[in-house]
>>> print(open('entry.cif').read())   # mmCIF, C-alpha atoms
data_work
loop_
_atom_site.group_PDB
_atom_site.id
_atom_site.type_symbol
_atom_site.label_atom_id
_atom_site.label_comp_id
_atom_site.auth_asym_id
_atom_site.auth_seq_id
_atom_site.Cartn_x
_atom_site.Cartn_y
_atom_site.Cartn_z
ATOM 1 C CA TYR C 16 -17.723 -7.883 21.840
ATOM 2 C CA THR C 17 -19.099 -4.356 21.633
ATOM 3 C CA VAL C 18 -15.784 -2.846 22.733
ATOM 4 C CA TRP C 19 -13.863 -4.896 20.146
ATOM 5 C CA THR C 20 -16.293 -3.872 17.389
ATOM 6 C CA ALA C 21 -15.906 -0.204 18.342
ATOM 7 C CA LEU C 22 -12.100 -0.511 18.234
ATOM 8 C CA TRP C 23 -12.240 -2.373 14.902
ATOM 9 C CA VAL C 24 -14.506 0.240 13.318
ATOM 10 C CA THR C 25 -12.324 3.062 14.686
ATOM 11 C CA TRP C 26 -9.179 1.442 13.258
ATOM 12 C CA ASN C 27 -10.786 0.992 9.842
ATOM 13 C CA VAL C 28 -12.037 4.588 9.807
ATOM 14 C CA PHE C 29 -8.442 5.650 10.555
ATOM 15 C CA ILE C 30 -7.185 3.505 7.641
ATOM 16 C CA ILE C 31 -9.731 5.113 5.308
ATOM 17 C CA CYS C 32 -8.702 8.610 6.436
ATOM 18 C CA PHE C 33 -5.016 7.672 6.162
ATOM 19 C CA TYR C 34 -5.204 6.446 2.566
ATOM 20 C CA LEU C 35 -7.522 9.257 1.444
ATOM 21 C CA GLU C 36 -5.148 11.707 3.167
ATOM 22 C CA VAL C 37 -7.821 13.326 5.319
ATOM 23 C CA GLY C 38 -6.845 15.753 8.071
ATOM 24 C CA GLY C 39 -3.157 16.078 7.305
ATOM 25 C CA LEU C 40 -2.492 12.335 7.129
ATOM 26 C CA SER C 41 -0.335 11.137 4.243
ATOM 27 C CA LYS C 42 -0.016 7.646 2.825
ATOM 28 C CA ASP C 43 3.594 8.448 1.887
ATOM 29 C CA THR C 44 4.767 8.795 5.504
ATOM 30 C CA ASP C 45 6.237 6.047 7.663
ATOM 31 C CA LEU C 46 3.393 6.351 10.170
ATOM 32 C CA MET C 47 2.022 2.857 9.502
ATOM 33 C CA THR C 48 5.433 1.172 9.592
ATOM 34 C CA PHE C 49 6.842 3.069 12.606
ATOM 35 C CA ASN C 50 9.994 3.822 10.529
ATOM 36 C CA ILE C 51 11.157 0.205 10.787
ATOM 37 C CA SER C 52 10.068 -1.169 7.420
ATOM 38 C CA VAL C 53 10.131 -0.182 3.762
ATOM 39 C CA HIS C 54 6.864 -2.025 3.204
ATOM 40 C CA ARG C 55 3.832 0.189 2.622
ATOM 41 C CA SER C 56 0.773 -1.771 1.537
ATOM 42 C CA TRP C 57 0.135 -5.353 0.494
ATOM 43 C CA TRP C 58 -2.276 -4.064 -2.150
ATOM 44 C CA ARG C 59 0.456 -1.914 -3.713
ATOM 45 C CA GLU C 60 2.198 -5.022 -5.049
ATOM 46 C CA HIS C 61 -0.676 -7.514 -5.225
ATOM 47 C CA GLY C 62 -3.656 -5.552 -6.548
ATOM 48 C CA PRO C 63 -5.721 -6.687 -9.530
ATOM 49 C CA GLY C 64 -3.695 -6.576 -12.733
ATOM 50 C CA CYS C 65 -0.463 -5.611 -10.982
ATOM 51 C CA VAL C 66 2.730 -7.035 -12.414
ATOM 52 C CA ARG C 67 5.399 -7.221 -9.729
ATOM 53 C CA ARG C 68 9.104 -7.326 -10.564
ATOM 54 C CA VAL C 69 11.710 -7.719 -7.849
ATOM 55 C CA LEU C 70 15.083 -6.186 -8.659
ATOM 56 C CA PRO C 71 18.203 -6.801 -6.564
ATOM 57 C CA PRO C 72 19.952 -3.761 -5.095
ATOM 58 C CA SER C 73 22.374 -2.174 -7.544
ATOM 59 C CA ALA C 74 25.228 -1.496 -5.131
ATOM 60 C CA HIS C 75 26.835 -4.417 -3.322
ATOM 61 C CA GLY C 76 26.751 -4.203 0.431
ATOM 62 C CA MET C 77 23.965 -1.628 0.489
ATOM 63 C CA MET C 78 20.573 -2.632 1.820
ATOM 64 C CA ASP C 79 21.425 -6.351 1.862
ATOM 65 C CA ASP C 80 18.031 -7.308 3.219
ATOM 66 C CA TYR C 81 15.984 -5.160 0.862
ATOM 67 C CA THR C 82 15.206 -5.294 -2.823
ATOM 68 C CA TYR C 83 13.550 -2.808 -5.100
ATOM 69 C CA VAL C 84 10.072 -3.795 -6.234
ATOM 70 C CA SER C 85 8.722 -2.443 -9.502
ATOM 71 C CA VAL C 86 4.933 -2.613 -9.940
ATOM 72 C CA THR C 87 3.127 -1.825 -13.186
ATOM 73 C CA GLY C 88 -0.256 -2.393 -14.789
ATOM 74 C CA CYS C 89 -2.492 -2.096 -11.729
ATOM 75 C CA VAL C 90 -6.180 -1.760 -12.586
ATOM 76 C CA VAL C 91 -7.000 0.142 -9.369
ATOM 77 C CA ASP C 92 -4.601 2.246 -7.278
ATOM 78 C CA PHE C 93 -3.677 0.548 -4.020
ATOM 79 C CA GLN C 94 -5.011 3.331 -1.789
ATOM 80 C CA TYR C 95 -8.525 2.839 -3.168
ATOM 81 C CA LEU C 96 -8.255 -0.909 -2.552
ATOM 82 C CA GLU C 97 -7.234 -0.151 1.046
ATOM 83 C CA VAL C 98 -10.266 2.120 1.424
ATOM 84 C CA ILE C 99 -12.620 -0.489 -0.087
ATOM 85 C CA HIS C 100 -11.125 -3.205 2.119
ATOM 86 C CA SER C 101 -11.630 -1.115 5.272
ATOM 87 C CA ALA C 102 -15.153 -0.105 4.251
ATOM 88 C CA VAL C 103 -16.086 -3.768 3.777
ATOM 89 C CA GLN C 104 -14.630 -4.529 7.225
ATOM 90 C CA ILE C 105 -16.789 -1.787 8.743
ATOM 91 C CA LEU C 106 -19.899 -3.048 6.967
ATOM 92 C CA LEU C 107 -19.257 -6.619 8.073
ATOM 93 C CA SER C 108 -18.616 -5.622 11.678
ATOM 94 C CA SER C 109 -21.702 -3.427 11.845
ATOM 95 C CA ASP C 110 -23.801 -6.157 10.219
ATOM 96 C CA THR C 111 -22.762 -8.791 12.764
ATOM 97 C CA SER C 112 -23.027 -6.400 15.706
ATOM 98 C CA SER C 113 -26.611 -5.531 14.746
ATOM 99 C CA GLU C 114 -27.680 -9.157 14.998
ATOM 100 C CA GLN C 115 -29.271 -9.831 18.324
ATOM 101 C CA ILE C 116 -28.689 -12.982 20.291
ATOM 102 C CA PRO C 117 -32.028 -14.741 20.781
ATOM 103 C CA ASP C 118 -33.304 -15.045 24.340
ATOM 104 C CA ARG C 119 -32.986 -18.499 25.802
ATOM 105 C CA LYS C 120 -36.018 -19.608 27.674
ATOM 106 C CA LYS C 121 -35.589 -21.826 30.692
ATOM 107 C CA ASN C 122 -37.687 -24.988 30.673
#
>>> encode(input="entry.cif", output="structure tokens")
Amino acid sequence: YTVWTALWVTWNVFIICFYLEVGGLSKDTDLMTFNISVHRSWWREHGPGCVRRVLPPSAHGMMDDYTYVSVTGCVVDFQYLEVIHSAVQILLSSDTSSEQIPDRKKN
């Protein structure tokens, strides 16, 4: 459990650094998608107040599997939601890892 918690915290710290663009990281790169997807962040399209409009591709035969998504009216930018989400994950994992399992006494 300790190893998993350490990996989980490390991953979430990376996500925070990625979306805050710390140390040369950039949220606009394809690093998180491994260059195989146009998707960036779930929060980009589904954040509080966001109005999502899906538009079909303009040219026939181009990008058949993809559509253009227009997002407007978001209350909070998606990168800050990603950072908050990861920070909450770190707090929750550190809170549960600090709980100690009570000793069981043999009768």
>>> atom_distance(input="entry.cif", atom1="atom CA of Val90 of chain C", atom2="atom CA of Pro63 of chain C")
5.8 Å
>>> atom_distance(input="entry.cif", atom1="atom CA of Lys42 of chain C", atom2="atom CA of Ile105 of chain C")
20.1 Å
>>> resolve_selection(input="entry.cif", expression="the PyMOL selection byres ((chain C and resi 85) around 7)", output="ChimeraX atom specification")
/C:67-69,83-84,86-87
>>> write_last_selection(input="entry.cif", atoms="C-alpha atoms", output="CSV table (one decimal), keeping the file's coordinate frame")
chain,number,residue,atom,x,y,z
C,67,ARG,CA,5.4,-7.2,-9.7
C,68,ARG,CA,9.1,-7.3,-10.6
C,69,VAL,CA,11.7,-7.7,-7.8
C,83,TYR,CA,13.6,-2.8,-5.1
C,84,VAL,CA,10.1,-3.8,-6.2
C,86,VAL,CA,4.9,-2.6,-9.9
C,87,THR,CA,3.1,-1.8,-13.2
>>> atom_distance(input="entry.cif", atom1="atom CA of Val66 of chain C", atom2="atom CA of Gly88 of chain C")
6.0 Å
>>> residues_around(input="entry.cif", residues="Ser108 of chain C", least_positions_apart="3", cutoff="12 Å", atoms="all atoms listed in the file", output="number ranges by chain")
C: 16-27, 101-105, 111-114
>>> write_last_selection(input="entry.cif", atoms="C-alpha atoms", output="PDB file, in the coordinates of the input")
ATOM      1  CA  TYR C  16     -17.723  -7.883  21.840  1.00  0.00           C
ATOM      2  CA  THR C  17     -19.099  -4.356  21.633  1.00  0.00           C
ATOM      3  CA  VAL C  18     -15.784  -2.846  22.733  1.00  0.00           C
ATOM      4  CA  TRP C  19     -13.863  -4.896  20.146  1.00  0.00           C
ATOM      5  CA  THR C  20     -16.293  -3.872  17.389  1.00  0.00           C
ATOM      6  CA  ALA C  21     -15.906  -0.204  18.342  1.00  0.00           C
ATOM      7  CA  LEU C  22     -12.100  -0.511  18.234  1.00  0.00           C
ATOM      8  CA  TRP C  23     -12.240  -2.373  14.902  1.00  0.00           C
ATOM      9  CA  VAL C  24     -14.506   0.240  13.318  1.00  0.00           C
ATOM     10  CA  THR C  25     -12.324   3.062  14.686  1.00  0.00           C
ATOM     11  CA  TRP C  26      -9.179   1.442  13.258  1.00  0.00           C
ATOM     12  CA  ASN C  27     -10.786   0.992   9.842  1.00  0.00           C
ATOM     13  CA  SER C 101     -11.630  -1.115   5.272  1.00  0.00           C
ATOM     14  CA  ALA C 102     -15.153  -0.105   4.251  1.00  0.00           C
ATOM     15  CA  VAL C 103     -16.086  -3.768   3.777  1.00  0.00           C
ATOM     16  CA  GLN C 104     -14.630  -4.529   7.225  1.00  0.00           C
ATOM     17  CA  ILE C 105     -16.789  -1.787   8.743  1.00  0.00           C
ATOM     18  CA  THR C 111     -22.762  -8.791  12.764  1.00  0.00           C
ATOM     19  CA  SER C 112     -23.027  -6.400  15.706  1.00  0.00           C
ATOM     20  CA  SER C 113     -26.611  -5.531  14.746  1.00  0.00           C
ATOM     21  CA  GLU C 114     -27.680  -9.157  14.998  1.00  0.00           C
TER      22      GLU C 114
END
>>> closest_residue(input="entry.cif", among="C:His100, C:Asp110, C:Leu35, C:Phe93", to="Gly64 of chain C", atoms="only C-alpha atoms")
C:Phe93
>>> closest_residue(input="entry.cif", among="C:Leu107, C:Ile31, C:Tyr95, C:Val37", to="Arg59 of chain C", atoms="all atoms listed in the file")
C:Tyr95
>>> closest_residue(input="entry.cif", among="C:Ser109, C:Glu36, C:Trp57, C:Cys65", to="Glu97 of chain C", atoms="only C-alpha atoms")
C:Trp57
